file coords_35.csv (CSV, C-alpha atoms)
chain,number,residue,atom,x,y,z
A,1,MET,CA,42.6,-10.9,-91.6
A,2,SER,CA,45.6,-12.5,-90.0
A,3,ASP,CA,45.7,-16.3,-89.6
A,4,GLY,CA,45.8,-15.9,-85.8
A,5,ASN,CA,48.9,-18.0,-85.5
A,6,GLU,CA,51.7,-15.6,-86.1
A,7,THR,CA,53.1,-16.1,-82.6
A,8,GLY,CA,52.6,-19.8,-82.5
A,9,VAL,CA,49.2,-19.5,-80.6
A,10,LYS,CA,47.0,-22.5,-81.3
A,11,GLU,CA,43.9,-21.5,-83.2
A,12,ILE,CA,41.4,-22.4,-80.5
A,13,ILE,CA,39.1,-20.3,-78.3
A,14,GLY,CA,39.8,-20.2,-74.5
A,15,GLY,CA,43.4,-21.3,-74.8
A,16,ASN,CA,44.4,-19.5,-71.6
A,17,ARG,CA,41.8,-21.3,-69.3
A,18,LEU,CA,39.4,-23.8,-70.9
A,19,ILE,CA,39.9,-27.5,-70.6
A,20,GLY,CA,38.8,-30.2,-73.1
A,21,GLN,CA,36.4,-29.7,-76.0
A,22,GLU,CA,39.3,-29.1,-78.4
A,23,ARG,CA,37.3,-29.9,-81.5
A,24,LEU,CA,34.5,-27.6,-80.6
A,25,ARG,CA,36.8,-24.8,-79.6
A,26,GLU,CA,38.7,-25.1,-82.9
A,27,GLN,CA,35.3,-24.9,-84.7
A,28,MET,CA,34.3,-21.8,-82.8
A,29,TRP,CA,37.7,-20.2,-83.6
A,30,ARG,CA,37.2,-20.7,-87.3
A,31,ILE,CA,33.7,-19.3,-87.2
A,32,ALA,CA,34.9,-16.1,-85.4
A,33,ALA,CA,38.2,-15.8,-87.4
A,34,GLU,CA,36.5,-16.2,-90.8
A,35,ASP,CA,33.6,-13.9,-89.8
A,36,ARG,CA,31.0,-16.6,-90.5
A,37,ILE,CA,29.0,-15.7,-87.4
A,38,SER,CA,25.4,-16.9,-87.3
A,39,HIS,CA,22.6,-15.3,-85.4
A,40,ALA,CA,22.2,-18.2,-82.9
A,41,TYR,CA,24.2,-21.1,-81.5
A,42,LEU,CA,23.0,-23.8,-79.1
A,43,ILE,CA,25.7,-25.3,-76.9
A,44,SER,CA,24.4,-28.6,-75.3
A,45,GLY,CA,26.0,-31.1,-73.0
A,46,GLN,CA,25.9,-32.6,-69.5
A,47,PRO,CA,26.4,-30.4,-66.4
A,48,GLY,CA,30.0,-29.5,-65.8
A,49,SER,CA,31.2,-30.1,-69.3
A,50,GLY,CA,32.1,-26.4,-69.8
A,51,LYS,CA,29.2,-24.9,-71.7
A,52,LYS,CA,29.3,-21.5,-70.0
A,53,PRO,CA,33.1,-21.2,-70.4
A,54,LEU,CA,32.7,-22.1,-74.0
A,55,ALA,CA,30.0,-19.4,-74.5
A,56,LEU,CA,32.1,-16.8,-72.7
A,57,ALA,CA,35.3,-17.6,-74.6
A,58,PHE,CA,33.4,-17.6,-77.9
A,59,ALA,CA,31.9,-14.2,-77.1
A,60,GLU,CA,35.3,-12.8,-76.3
A,61,ALA,CA,36.8,-14.2,-79.5
A,62,ILE,CA,34.1,-12.7,-81.6
A,63,ASN,CA,34.5,-9.2,-80.1
A,64,GLY,CA,38.3,-9.2,-79.9
A,65,ILE,CA,38.9,-9.6,-76.2
A,66,GLN,CA,42.2,-11.2,-75.0
A,67,ASN,CA,41.4,-12.9,-71.7
A,68,LEU,CA,40.2,-16.5,-71.7
A,69,GLY,CA,42.0,-16.9,-75.0
A,70,MET,CA,43.3,-14.9,-77.9
A,71,PRO,CA,40.9,-12.8,-80.0
A,72,ALA,CA,39.9,-14.3,-83.3
A,73,SER,CA,39.8,-10.9,-85.0
A,74,ASP,CA,42.2,-8.1,-86.2
A,75,SER,CA,39.9,-5.8,-84.3
A,76,LYS,CA,41.3,-5.9,-80.7
A,77,SER,CA,39.2,-4.7,-77.8
A,78,HIS,CA,40.8,-2.8,-74.9
A,79,ARG,CA,38.3,-4.5,-72.5
A,80,ARG,CA,39.9,-6.9,-70.1
A,81,SER,CA,37.1,-9.5,-70.1
A,82,TRP,CA,33.6,-10.2,-71.3
A,83,PHE,CA,32.2,-8.8,-68.0
A,84,PHE,CA,33.3,-5.2,-68.9
A,85,HIS,CA,32.3,-5.3,-72.6
A,86,PRO,CA,29.1,-3.4,-73.5
A,87,ASP,CA,28.2,-5.8,-76.3
A,88,ILE,CA,28.3,-9.0,-74.3
A,89,HIS,CA,25.3,-9.8,-72.0
A,90,VAL,CA,25.0,-12.9,-69.8
A,91,PHE,CA,21.7,-14.2,-68.3
A,92,ILE,CA,21.1,-17.2,-66.0
A,93,PRO,CA,17.8,-18.5,-64.7
A,94,MET,CA,16.6,-16.5,-61.7
A,95,PRO,CA,14.3,-17.2,-58.7
A,96,GLY,CA,11.2,-15.0,-58.7
A,97,ASN,CA,12.5,-13.2,-55.6
A,98,ALA,CA,16.0,-12.5,-56.8
A,99,GLY,CA,17.1,-9.1,-58.1
A,100,ARG,CA,19.7,-7.5,-60.3
A,101,ASP,CA,22.2,-7.3,-57.4
A,102,GLU,CA,22.1,-11.1,-56.9
A,103,LEU,CA,22.6,-11.6,-60.7
A,104,ARG,CA,25.5,-9.2,-60.8
A,105,ALA,CA,27.2,-10.8,-57.8
A,106,ARG,CA,27.1,-14.2,-59.5
A,107,LEU,CA,28.4,-12.8,-62.8
A,108,GLU,CA,31.3,-11.1,-61.0
A,109,LEU,CA,32.3,-14.6,-59.7
A,110,LEU,CA,32.0,-16.0,-63.2
A,111,ALA,CA,34.2,-13.2,-64.5
A,112,GLU,CA,36.9,-14.2,-62.1
A,113,ASP,CA,36.5,-17.9,-62.9
A,114,PRO,CA,34.6,-19.2,-65.9
A,115,TYR,CA,34.0,-22.6,-64.2
A,116,GLU,CA,32.5,-21.0,-61.0
A,117,ILE,CA,29.3,-22.5,-59.8
A,118,ILE,CA,26.7,-19.7,-60.0
A,119,ASP,CA,23.4,-21.5,-60.7
A,120,PHE,CA,20.8,-20.8,-58.1
A,121,SER,CA,19.5,-24.4,-58.3
A,122,VAL,CA,22.9,-25.8,-57.2
A,123,ARG,CA,24.2,-22.8,-55.2
A,124,PRO,CA,21.2,-21.1,-53.6
A,125,SER,CA,23.3,-18.7,-51.5
A,126,LEU,CA,26.7,-17.2,-52.0
A,127,THR,CA,27.1,-16.8,-48.3
A,128,GLY,CA,26.5,-20.4,-47.4
A,129,GLN,CA,23.5,-19.7,-45.2
A,130,GLU,CA,21.1,-21.5,-47.4
A,131,ASP,CA,23.3,-24.0,-49.1
A,132,ALA,CA,21.1,-27.0,-48.1
A,133,LYS,CA,18.0,-25.4,-49.7
A,134,ASN,CA,17.5,-25.3,-53.4
A,135,ARG,CA,15.9,-22.3,-55.1
A,136,ARG,CA,13.8,-22.8,-58.2
A,137,ALA,CA,15.2,-20.7,-61.0
A,138,PHE,CA,13.7,-20.0,-64.4
A,139,TYR,CA,13.1,-17.3,-67.0
A,140,SER,CA,9.9,-15.6,-66.1
A,141,VAL,CA,8.0,-13.4,-68.4
A,142,GLU,CA,8.9,-10.3,-66.5
A,143,TYR,CA,12.6,-11.2,-66.4
A,144,PHE,CA,12.7,-12.0,-70.1
A,145,ASN,CA,10.9,-8.9,-71.2
A,146,SER,CA,12.7,-6.4,-69.0
A,147,GLU,CA,16.3,-7.9,-69.3
A,148,VAL,CA,16.8,-10.4,-72.1
A,149,ARG,CA,14.6,-8.8,-74.7
A,150,ARG,CA,16.0,-5.3,-74.0
A,151,ALA,CA,19.6,-6.6,-74.5
A,152,ALA,CA,18.7,-8.5,-77.6
A,153,TYR,CA,17.7,-5.4,-79.6
A,154,LEU,CA,20.7,-3.3,-78.7
A,155,ARG,CA,23.1,-2.3,-81.5
A,156,ALA,CA,26.8,-3.3,-81.2
A,157,SER,CA,28.7,-0.3,-80.0
A,158,GLU,CA,32.3,-1.6,-79.9
A,159,GLY,CA,32.4,-5.2,-81.1
A,160,ARG,CA,31.4,-7.0,-84.2
A,161,LYS,CA,28.3,-8.4,-82.6
A,162,ASN,CA,25.9,-7.8,-79.8
A,163,VAL,CA,26.3,-11.2,-78.0
A,164,VAL,CA,23.5,-12.4,-75.8
A,165,ILE,CA,24.4,-15.5,-73.7
A,166,ILE,CA,21.3,-17.3,-72.3
A,167,THR,CA,22.4,-20.2,-70.1
A,168,ASN,CA,20.1,-23.2,-69.3
A,169,VAL,CA,17.6,-22.0,-72.0
A,170,GLU,CA,15.5,-25.1,-71.1
A,171,LYS,CA,14.4,-23.2,-67.9
A,172,MET,CA,12.3,-20.8,-70.0
A,173,ARG,CA,8.6,-20.9,-69.1
A,174,LYS,CA,6.4,-22.0,-72.0
A,175,GLU,CA,5.1,-18.5,-72.7
A,176,VAL,CA,8.7,-17.2,-72.7
A,177,SER,CA,9.8,-20.0,-75.1
A,178,ASN,CA,7.2,-19.0,-77.5
A,179,SER,CA,8.2,-15.3,-77.3
A,180,PHE,CA,11.8,-16.2,-77.6
A,181,LEU,CA,11.1,-18.3,-80.7
A,182,LYS,CA,9.7,-15.2,-82.4
A,183,MET,CA,12.9,-13.3,-81.5
A,184,LEU,CA,14.9,-16.1,-83.1
A,185,GLU,CA,12.8,-15.8,-86.2
A,186,GLU,CA,13.3,-12.0,-86.4
A,187,PRO,CA,16.5,-11.2,-84.6
A,188,GLY,CA,18.0,-7.8,-84.1
A,189,LYS,CA,20.5,-6.5,-86.7
A,190,ASP,CA,23.7,-7.1,-84.8
A,191,VAL,CA,22.7,-9.9,-82.3
A,192,THR,CA,24.2,-13.3,-81.9
A,193,PHE,CA,22.6,-15.6,-79.3
A,194,LEU,CA,24.7,-18.1,-77.5
A,195,LEU,CA,22.4,-20.5,-75.8
A,196,THR,CA,23.4,-23.4,-73.4
A,197,THR,CA,21.3,-26.3,-72.3
A,198,ASP,CA,21.8,-29.4,-70.1
A,199,ASN,CA,18.8,-31.1,-71.7
A,200,ILE,CA,18.4,-30.4,-75.4
A,201,ASN,CA,15.4,-32.9,-75.6
A,202,SER,CA,13.3,-30.5,-73.5
A,203,LEU,CA,13.6,-27.7,-76.0
A,204,LEU,CA,11.0,-26.9,-78.7
A,205,PRO,CA,12.2,-28.4,-82.0
A,206,THR,CA,11.6,-25.1,-83.7
A,207,VAL,CA,14.0,-23.4,-81.3
A,208,ILE,CA,16.7,-26.1,-82.0
A,209,SER,CA,16.1,-25.8,-85.8
A,210,ARG,CA,16.9,-22.1,-85.7
A,211,CYS,CA,20.2,-22.5,-84.0
A,212,GLN,CA,23.6,-23.9,-85.1
A,213,HIS,CA,24.0,-26.8,-82.7
A,214,LEU,CA,27.4,-27.2,-81.0
A,215,PRO,CA,27.3,-30.4,-78.8
A,216,CYS,CA,29.8,-30.8,-76.0
A,217,GLN,CA,31.4,-34.2,-75.3
A,218,PRO,CA,31.7,-35.3,-71.6
A,219,LEU,CA,35.1,-34.4,-70.2
A,220,ASP,CA,37.2,-37.5,-69.5
A,221,SER,CA,39.1,-38.1,-66.3
A,222,GLU,CA,42.4,-37.2,-67.9
A,223,GLN,CA,41.2,-33.8,-69.0
A,224,ILE,CA,39.7,-33.1,-65.5
A,225,TYR,CA,43.0,-34.3,-63.9
A,226,GLU,CA,45.0,-31.9,-66.0
A,227,GLY,CA,42.6,-29.0,-65.2
A,228,LEU,CA,42.8,-29.8,-61.4
A,229,ARG,CA,46.6,-29.8,-61.6
A,230,ARG,CA,47.1,-26.8,-63.9
A,231,PHE,CA,44.4,-24.4,-62.8
A,232,ASP,CA,43.4,-25.5,-59.3
A,233,GLY,CA,46.8,-26.5,-57.8
A,234,TYR,CA,45.7,-30.0,-56.5
A,235,PRO,CA,48.5,-32.4,-55.6
A,236,GLU,CA,48.9,-35.2,-58.0
A,237,SER,CA,47.3,-37.9,-55.8
A,238,ASP,CA,44.3,-35.8,-55.0
A,239,ALA,CA,43.8,-34.7,-58.6
A,240,ARG,CA,43.9,-38.3,-59.7
A,241,PHE,CA,41.4,-39.4,-57.1
A,242,LEU,CA,39.0,-36.6,-57.8
A,243,SER,CA,39.2,-36.9,-61.6
A,244,ARG,CA,38.1,-40.6,-61.3
A,245,ILE,CA,35.0,-39.8,-59.2
A,246,SER,CA,34.1,-36.6,-61.2
A,247,GLY,CA,31.5,-38.1,-63.5
A,248,GLY,CA,32.7,-35.8,-66.2
A,249,ASN,CA,31.8,-32.7,-64.1
A,250,TYR,CA,34.9,-30.5,-63.7
A,251,SER,CA,32.9,-27.5,-62.3
A,252,PHE,CA,31.7,-29.6,-59.3
A,253,THR,CA,34.8,-31.7,-58.8
A,254,ARG,CA,37.2,-28.7,-58.2
A,255,PHE,CA,35.2,-27.7,-55.2
A,256,TYR,CA,35.1,-31.2,-53.5
A,257,ASP,CA,36.8,-31.5,-50.1
A,258,THR,CA,39.2,-34.4,-50.7
A,259,LYS,CA,39.5,-35.2,-47.0
A,260,THR,CA,35.7,-35.3,-46.5
A,261,LEU,CA,35.3,-37.5,-49.6
A,262,GLN,CA,37.9,-39.9,-48.3
A,263,GLU,CA,36.0,-40.1,-45.0
A,264,ASN,CA,32.7,-40.6,-46.9
A,265,ARG,CA,34.0,-43.8,-48.4
A,266,GLU,CA,33.5,-45.5,-45.0
A,267,GLU,CA,29.9,-44.4,-45.1
A,268,ILE,CA,29.5,-45.6,-48.7
A,269,ILE,CA,30.9,-49.0,-47.7
A,270,ARG,CA,28.5,-49.1,-44.8
A,271,PHE,CA,25.7,-48.1,-47.1
A,272,LEU,CA,26.5,-51.1,-49.4
A,273,ARG,CA,26.7,-53.5,-46.4
A,274,MET,CA,23.3,-52.2,-45.0
A,275,SER,CA,21.8,-52.6,-48.4
A,276,TYR,CA,22.8,-56.2,-48.5
A,277,THR,CA,21.6,-57.0,-45.0
A,278,VAL,CA,18.4,-54.9,-45.5
A,279,ASP,CA,19.1,-52.8,-42.4
A,280,VAL,CA,16.1,-50.5,-42.9
A,281,ALA,CA,16.7,-48.4,-39.9
A,282,GLY,CA,20.4,-47.9,-40.7
A,283,ILE,CA,19.6,-47.0,-44.4
A,284,LEU,CA,17.0,-44.5,-43.4
A,285,ASP,CA,19.3,-42.9,-40.8
A,286,LEU,CA,22.2,-42.6,-43.2
A,287,SER,CA,20.0,-41.4,-46.1
A,288,THR,CA,18.5,-38.7,-43.8
A,289,GLN,CA,22.0,-37.7,-42.7
A,290,TRP,CA,23.2,-37.3,-46.2
A,291,GLN,CA,20.2,-35.2,-47.2
A,292,SER,CA,20.7,-32.9,-44.2
A,293,ASN,CA,24.5,-32.5,-44.4
A,294,TYR,CA,24.9,-31.9,-48.1
A,295,ASN,CA,23.5,-29.8,-50.9
A,296,LYS,CA,22.9,-31.1,-54.5
A,297,GLU,CA,26.7,-30.9,-55.2
A,298,GLY,CA,27.4,-33.1,-52.2
A,299,HIS,CA,24.7,-35.6,-53.2
A,300,ILE,CA,26.1,-35.9,-56.7
A,301,ALA,CA,29.5,-36.5,-55.2
A,302,ILE,CA,28.1,-39.4,-53.1
A,303,ILE,CA,26.5,-41.0,-56.1
A,304,ASN,CA,29.8,-40.6,-58.1
A,305,MET,CA,31.7,-42.3,-55.2
A,306,ILE,CA,29.3,-45.2,-55.0
A,307,GLU,CA,29.7,-45.6,-58.8
A,308,MET,CA,33.5,-45.5,-58.6
A,309,PHE,CA,33.5,-48.1,-55.8
A,310,LEU,CA,31.3,-50.4,-57.9
A,311,ARG,CA,33.5,-49.9,-61.0
A,312,ASP,CA,36.5,-50.9,-58.9
A,313,ILE,CA,34.7,-54.1,-57.8
A,314,ALA,CA,34.0,-54.8,-61.5
A,315,LEU,CA,37.7,-54.2,-62.4
A,316,TYR,CA,39.0,-56.3,-59.6
A,317,SER,CA,36.6,-59.1,-60.5
A,318,ALA,CA,37.9,-59.0,-64.1
A,319,GLY,CA,41.5,-59.3,-62.9
A,320,ALA,CA,42.5,-55.7,-63.7
A,321,ASP,CA,45.8,-54.3,-62.6
A,322,GLU,CA,45.8,-52.7,-59.2
A,323,SER,CA,47.0,-49.4,-60.7
A,324,LEU,CA,43.6,-49.0,-62.4
A,325,ILE,CA,41.6,-49.3,-59.2
A,326,THR,CA,40.8,-45.9,-57.6
A,327,ASN,CA,40.1,-47.2,-54.1
A,328,SER,CA,43.3,-49.4,-54.1
A,329,ASP,CA,43.7,-48.8,-50.4
A,330,LYS,CA,40.4,-50.7,-49.9
A,331,LEU,CA,41.4,-53.8,-51.7
A,332,ASP,CA,40.4,-56.0,-48.7
A,333,VAL,CA,36.8,-54.7,-48.9
A,334,ILE,CA,36.7,-55.0,-52.6
A,335,SER,CA,38.1,-58.5,-52.5
A,336,ASN,CA,35.5,-59.6,-49.9
A,337,PHE,CA,32.7,-58.2,-52.0
A,338,CYS,CA,33.9,-60.2,-55.1
A,339,THR,CA,34.4,-63.4,-53.1
A,340,ARG,CA,31.1,-63.4,-51.2
A,341,LEU,CA,28.7,-61.9,-53.8
A,342,THR,CA,29.6,-63.8,-56.9
A,343,ASP,CA,26.1,-63.3,-58.5
A,344,ALA,CA,25.9,-59.5,-57.9
A,345,LYS,CA,24.5,-57.6,-60.9
A,346,ILE,CA,27.1,-54.8,-60.9
A,347,ASP,CA,26.0,-53.4,-64.2
A,348,ASN,CA,22.5,-52.9,-63.0
A,349,MET,CA,23.8,-51.3,-59.8
A,350,ILE,CA,25.8,-48.8,-61.8
A,351,GLU,CA,23.0,-48.1,-64.3
A,352,THR,CA,20.6,-47.1,-61.5
A,353,LEU,CA,23.1,-44.4,-60.4
A,354,GLN,CA,22.9,-42.8,-63.9
A,355,GLU,CA,19.2,-42.5,-63.3
A,356,ALA,CA,19.9,-41.0,-59.9
A,357,HIS,CA,21.8,-38.2,-61.5
A,358,SER,CA,18.8,-37.2,-63.5
A,359,LEU,CA,16.4,-37.5,-60.5
A,360,LEU,CA,18.6,-35.3,-58.4
A,361,ASN,CA,18.5,-32.6,-61.1
A,362,GLN,CA,14.7,-32.9,-60.9
A,363,ASN,CA,14.9,-32.1,-57.2
A,364,VAL,CA,13.8,-35.5,-56.0
A,365,GLN,CA,14.4,-35.8,-52.2
A,366,PRO,CA,17.9,-37.4,-51.8
A,367,ARG,CA,16.6,-39.4,-48.7
A,368,LEU,CA,14.0,-41.1,-50.8
A,369,LEU,CA,16.4,-41.7,-53.7
A,370,PHE,CA,19.1,-43.3,-51.6
A,371,THR,CA,16.4,-45.5,-49.9
A,372,VAL,CA,15.2,-46.8,-53.3
A,373,ILE,CA,18.8,-47.4,-54.4
A,374,ALA,CA,19.4,-49.5,-51.3
A,375,ASN,CA,16.2,-51.5,-51.9
A,376,ARG,CA,17.3,-52.3,-55.5
A,377,TYR,CA,20.8,-53.2,-54.3
A,378,ALA,CA,19.5,-55.7,-51.8
A,379,ALA,CA,18.1,-57.7,-54.7
A,380,TRP,CA,20.9,-57.2,-57.3
A,381,MET,CA,23.6,-58.1,-54.8
A,382,ARG,CA,21.9,-61.5,-54.6
A,383,GLY,CA,21.6,-61.8,-58.4
A,384,ALA,CA,17.8,-61.3,-58.3
A,385,GLY,CA,15.7,-58.9,-60.3
A,386,ALA,CA,14.7,-55.5,-59.1
A,387,PRO,CA,12.0,-55.6,-56.4
A,388,VAL,CA,10.1,-52.9,-58.4
A,389,PRO,CA,10.3,-53.2,-62.2
A,390,SER,CA,11.5,-50.1,-64.0
A,391,GLY,CA,8.1,-49.7,-65.7
A,392,GLN,CA,6.3,-49.7,-62.4
A,393,ALA,CA,8.1,-47.0,-60.5
A,394,TRP,CA,4.9,-45.9,-58.8
A,395,LYS,CA,5.3,-49.0,-56.6
A,396,HIS,CA,8.0,-47.3,-54.6
A,397,MET,CA,5.2,-45.3,-53.1
A,398,PRO,CA,2.9,-47.9,-51.6
A,399,ALA,CA,0.1,-45.4,-50.8
A,400,VAL,CA,-0.3,-44.6,-54.5
A,401,SER,CA,-2.3,-47.0,-56.6
A,402,GLU,CA,-1.4,-48.1,-60.1
A,403,PRO,CA,-2.2,-45.3,-62.7
call {"tool": "encode", "arguments": {"input": "coords_35.csv", "output": "structure tokens"}}
result
Amino acid sequence: MSDGNETGVKEIIGGNRLIGQERLREQMWRIAAEDRISHAYLISGQPGSGKKPLALAFAEAINGIQNLGMPASDSKSHRRSWFFHPDIHVFIPMPGNAGRDELRARLELLAEDPYEIIDFSVRPSLTGQEDAKNRRAFYSVEYFNSEVRRAAYLRASEGRKNVVIITNVEKMRKEVSNSFLKMLEEPGKDVTFLLTTDNINSLLPTVISRCQHLPCQPLDSEQIYEGLRRFDGYPESDARFLSRISGGNYSFTRFYDTKTLQENREEIIRFLRMSYTVDVAGILDLSTQWQSNYNKEGHIAIINMIEMFLRDIALYSAGADESLITNSDKLDVISNFCTRLTDAKIDNMIETLQEAHSLLNQNVQPRLLFTVIANRYAAWMRGAGAPVPSGQAWKHMPAVSEP
């Protein structure tokens, strides 16, 4: 086999499109190029870190497709992408009322752009008609048996392997997980499973142990900046601003409306002020407005922008150079905050936003979430402890008695 570098091409999967994850991409290239392909790989990492693109590029490298990157094999495929290859099958969690046509429409988008948002839980409708409503998606018994199982036992007809990509494998129902475990224990002759998960801790330990684990690192702001500039055509200033509020999620960030986000900063400043003054009516009104006007993607953007504003406050308070402050055009607001709220517990305020990310992914109502955040901020801005201790979260619901 050739060394894959005769034309100076870097030995890495996805060299034509993927961003970041260089170490992992080099590892995947070596696996494919040296024909050391296992029967199952588990790609884990936070949302937006590039797990689906990695799986797609790995599948293409294994089966000799030149698209997202160069093929890691002497056997070259004439197929122009994974979407058209008979030995590459991609599955995503599906709502119970969704059909094959909906799945295909989303995979077509993914074929055009490996970072496209296609998950039903985040993008319920491709037409925009239901964007404010989340659709629960999972791997049902019927879906698994009729689609996934059938694909897993096919023989490779063109490529080296019959590659079955199962995204968000943590969304399998319990009975499906047990059935899939048996499939991992007795895989088909030519099959290679590429699994992705946002939450590896929710998987059965026996499933994890039967896979080679490929953990993704969070994308840093510089990698996201380069992606926005190179692939998405953002102006330098917009790309820099977006990369700093990205929270490591490139997939979401590239679809943010920069103008709207800039306008939202005024609302975020108002939210912080109302939190301090305990303006209950104002907080409820703004929280309800945010819930109504944005989907999960937008709510995450708001959380990220609050976090970035707080980090700017921490940097300014520590005497950092102005060039390091994202919201440098709001230095007057940042300065006033630092001057008047000298005892504010900024670390606690940022930490609760990390928890908010997890709760949004569990479909907690954003209106309630923002209200709780404001309640905590009212205390932390004064240097006090949280009004409801972390171990007694039930107290946020006064009608519920202690368990």
call {"tool": "closest_residue", "arguments": {"input": "coords_35.csv", "among": "A:Leu42, A:Ser75, A:Trp82, A:Asp220", "to": "A:Phe193", "atoms": "only C-alpha atoms"}}
result
A:Leu42
call {"tool": "closest_atom_pairs", "arguments": {"input": "coords_35.csv", "of": "stretch 296-392 of chain A", "to": "stretch 276-280 of chain A", "cutoff": "10 Å", "atoms": "all atoms listed in the file", "output": "CSV"}}
result
residue,atom,partner,partner_atom,distance
A:Leu341,CA,A:Tyr276,CA,9.8
A:Thr371,CA,A:Val280,CA,8.6
A:Ala374,CA,A:Val278,CA,8.0
A:Asn375,CA,A:Val278,CA,7.6
A:Arg376,CA,A:Tyr276,CA,9.7
A:Tyr377,CA,A:Tyr276,CA,6.8
A:Ala378,CA,A:Tyr276,CA,4.7
A:Ala379,CA,A:Tyr276,CA,7.9
A:Trp380,CA,A:Tyr276,CA,9.1
A:Met381,CA,A:Tyr276,CA,6.6
A:Arg382,CA,A:Tyr276,CA,8.1
call {"tool": "closest_residue", "arguments": {"input": "coords_35.csv", "among": "A:Phe370, A:Phe138, A:Phe255, A:Phe83", "to": "A:Asn97", "atoms": "all atoms listed in the file"}}
result
A:Phe138
call {"tool": "closest_residue", "arguments": {"input": "coords_35.csv", "among": "A:His357, A:Arg173, A:Lys259, A:Arg273", "to": "A:Ile334", "atoms": "all atoms listed in the file"}}
result
A:Arg273
call {"tool": "closest_residue", "arguments": {"input": "coords_35.csv", "among": "A:Ile269, A:Cys211, A:Leu68, A:Ile373", "to": "A:Ile13", "atoms": "all atoms listed in the file"}}
result
A:Leu68
call {"tool": "closest_residue", "arguments": {"input": "coords_35.csv", "among": "A:Glu266, A:Leu109, A:Met274, A:Ala55", "to": "A:Ile165", "atoms": "only C-alpha atoms"}}
result
A:Ala55
call {"tool": "atom_distance", "arguments": {"input": "coords_35.csv", "atom1": "atom CA of A:Ser221", "atom2": "atom CA of A:Asp332"}}
result
25.1 Å
call {"tool": "residues_near_point", "arguments": {"input": "coords_35.csv", "point": "(4.6, -19.8, -68.5)", "cutoff": "12 Å", "atoms": "all atoms listed in the file", "output": "PyMOL selection string"}}
result
chain A and resi 138-144+171-179
call {"tool": "atom_distance", "arguments": {"input": "coords_35.csv", "atom1": "atom CA of A:Ile350", "atom2": "atom CA of A:Gln289"}}
result
22.4 Å
call {"tool": "closest_residue", "arguments": {"input": "coords_35.csv", "among": "A:Ala152, A:Val169, A:Leu219, A:Ala301", "to": "A:Asn201", "atoms": "all atoms listed in the file"}}
result
A:Val169
call {"tool": "residues_near_point", "arguments": {"input": "coords_35.csv", "point": "(39.6, -58.1, -57.1)", "cutoff": "8 Å", "atoms": "all atoms listed in the file", "output": "list in words"}}
result
Ile313, Ala314, Leu315, Tyr316, Ser317, Ala318, Gly319, Ala320, Leu331, Ile334, Ser335 and Cys338 of chain A
call {"tool": "build_atoms", "arguments": {"input": "coords_35.csv", "residues": "stretch 346-358 of chain A", "atoms": "N, CA and C atoms", "output": "mmCIF file, in the frame of the given file"}}
result
data_model
loop_
_atom_site.group_PDB
_atom_site.id
_atom_site.type_symbol
_atom_site.label_atom_id
_atom_site.label_comp_id
_atom_site.auth_asym_id
_atom_site.auth_seq_id
_atom_site.Cartn_x
_atom_site.Cartn_y
_atom_site.Cartn_z
ATOM 1 N N ILE A 346 26.432 -56.069 -61.006
ATOM 2 C CA ILE A 346 27.100 -54.800 -60.900
ATOM 3 C C ILE A 346 26.650 -53.796 -61.946
ATOM 4 N N ASP A 347 26.444 -54.288 -63.164
ATOM 5 C CA ASP A 347 26.000 -53.400 -64.200
ATOM 6 C C ASP A 347 24.688 -52.719 -63.903
ATOM 7 N N ASN A 348 23.756 -53.490 -63.352
ATOM 8 C CA ASN A 348 22.500 -52.900 -63.000
ATOM 9 C C ASN A 348 22.641 -51.898 -61.843
ATOM 10 N N MET A 349 23.534 -52.196 -60.920
ATOM 11 C CA MET A 349 23.800 -51.300 -59.800
ATOM 12 C C MET A 349 24.337 -49.958 -60.258
ATOM 13 N N ILE A 350 25.224 -50.018 -61.245
ATOM 14 C CA ILE A 350 25.800 -48.800 -61.800
ATOM 15 C C ILE A 350 24.763 -48.030 -62.619
ATOM 16 N N GLU A 351 23.981 -48.765 -63.383
ATOM 17 C CA GLU A 351 23.000 -48.100 -64.300
ATOM 18 C C GLU A 351 21.974 -47.310 -63.453
ATOM 19 N N THR A 352 21.568 -47.812 -62.305
ATOM 20 C CA THR A 352 20.600 -47.100 -61.500
ATOM 21 C C THR A 352 21.155 -45.777 -60.964
ATOM 22 N N LEU A 353 22.484 -45.688 -60.848
ATOM 23 C CA LEU A 353 23.100 -44.400 -60.400
ATOM 24 C C LEU A 353 23.050 -43.381 -61.494
ATOM 25 N N GLN A 354 23.077 -43.807 -62.762
ATOM 26 C CA GLN A 354 22.900 -42.800 -63.900
ATOM 27 C C GLN A 354 21.529 -42.217 -63.801
ATOM 28 N N GLU A 355 20.543 -43.046 -63.506
ATOM 29 C CA GLU A 355 19.200 -42.500 -63.300
ATOM 30 C C GLU A 355 19.101 -41.587 -62.152
ATOM 31 N N ALA A 356 19.863 -41.881 -61.106
ATOM 32 C CA ALA A 356 19.900 -41.000 -59.900
ATOM 33 C C ALA A 356 20.331 -39.629 -60.197
ATOM 34 N N HIS A 357 21.307 -39.482 -61.073
ATOM 35 C CA HIS A 357 21.800 -38.200 -61.500
ATOM 36 C C HIS A 357 20.637 -37.317 -62.011
ATOM 37 N N SER A 358 19.879 -37.919 -62.915
ATOM 38 C CA SER A 358 18.800 -37.200 -63.500
ATOM 39 C C SER A 358 17.709 -36.834 -62.485
#
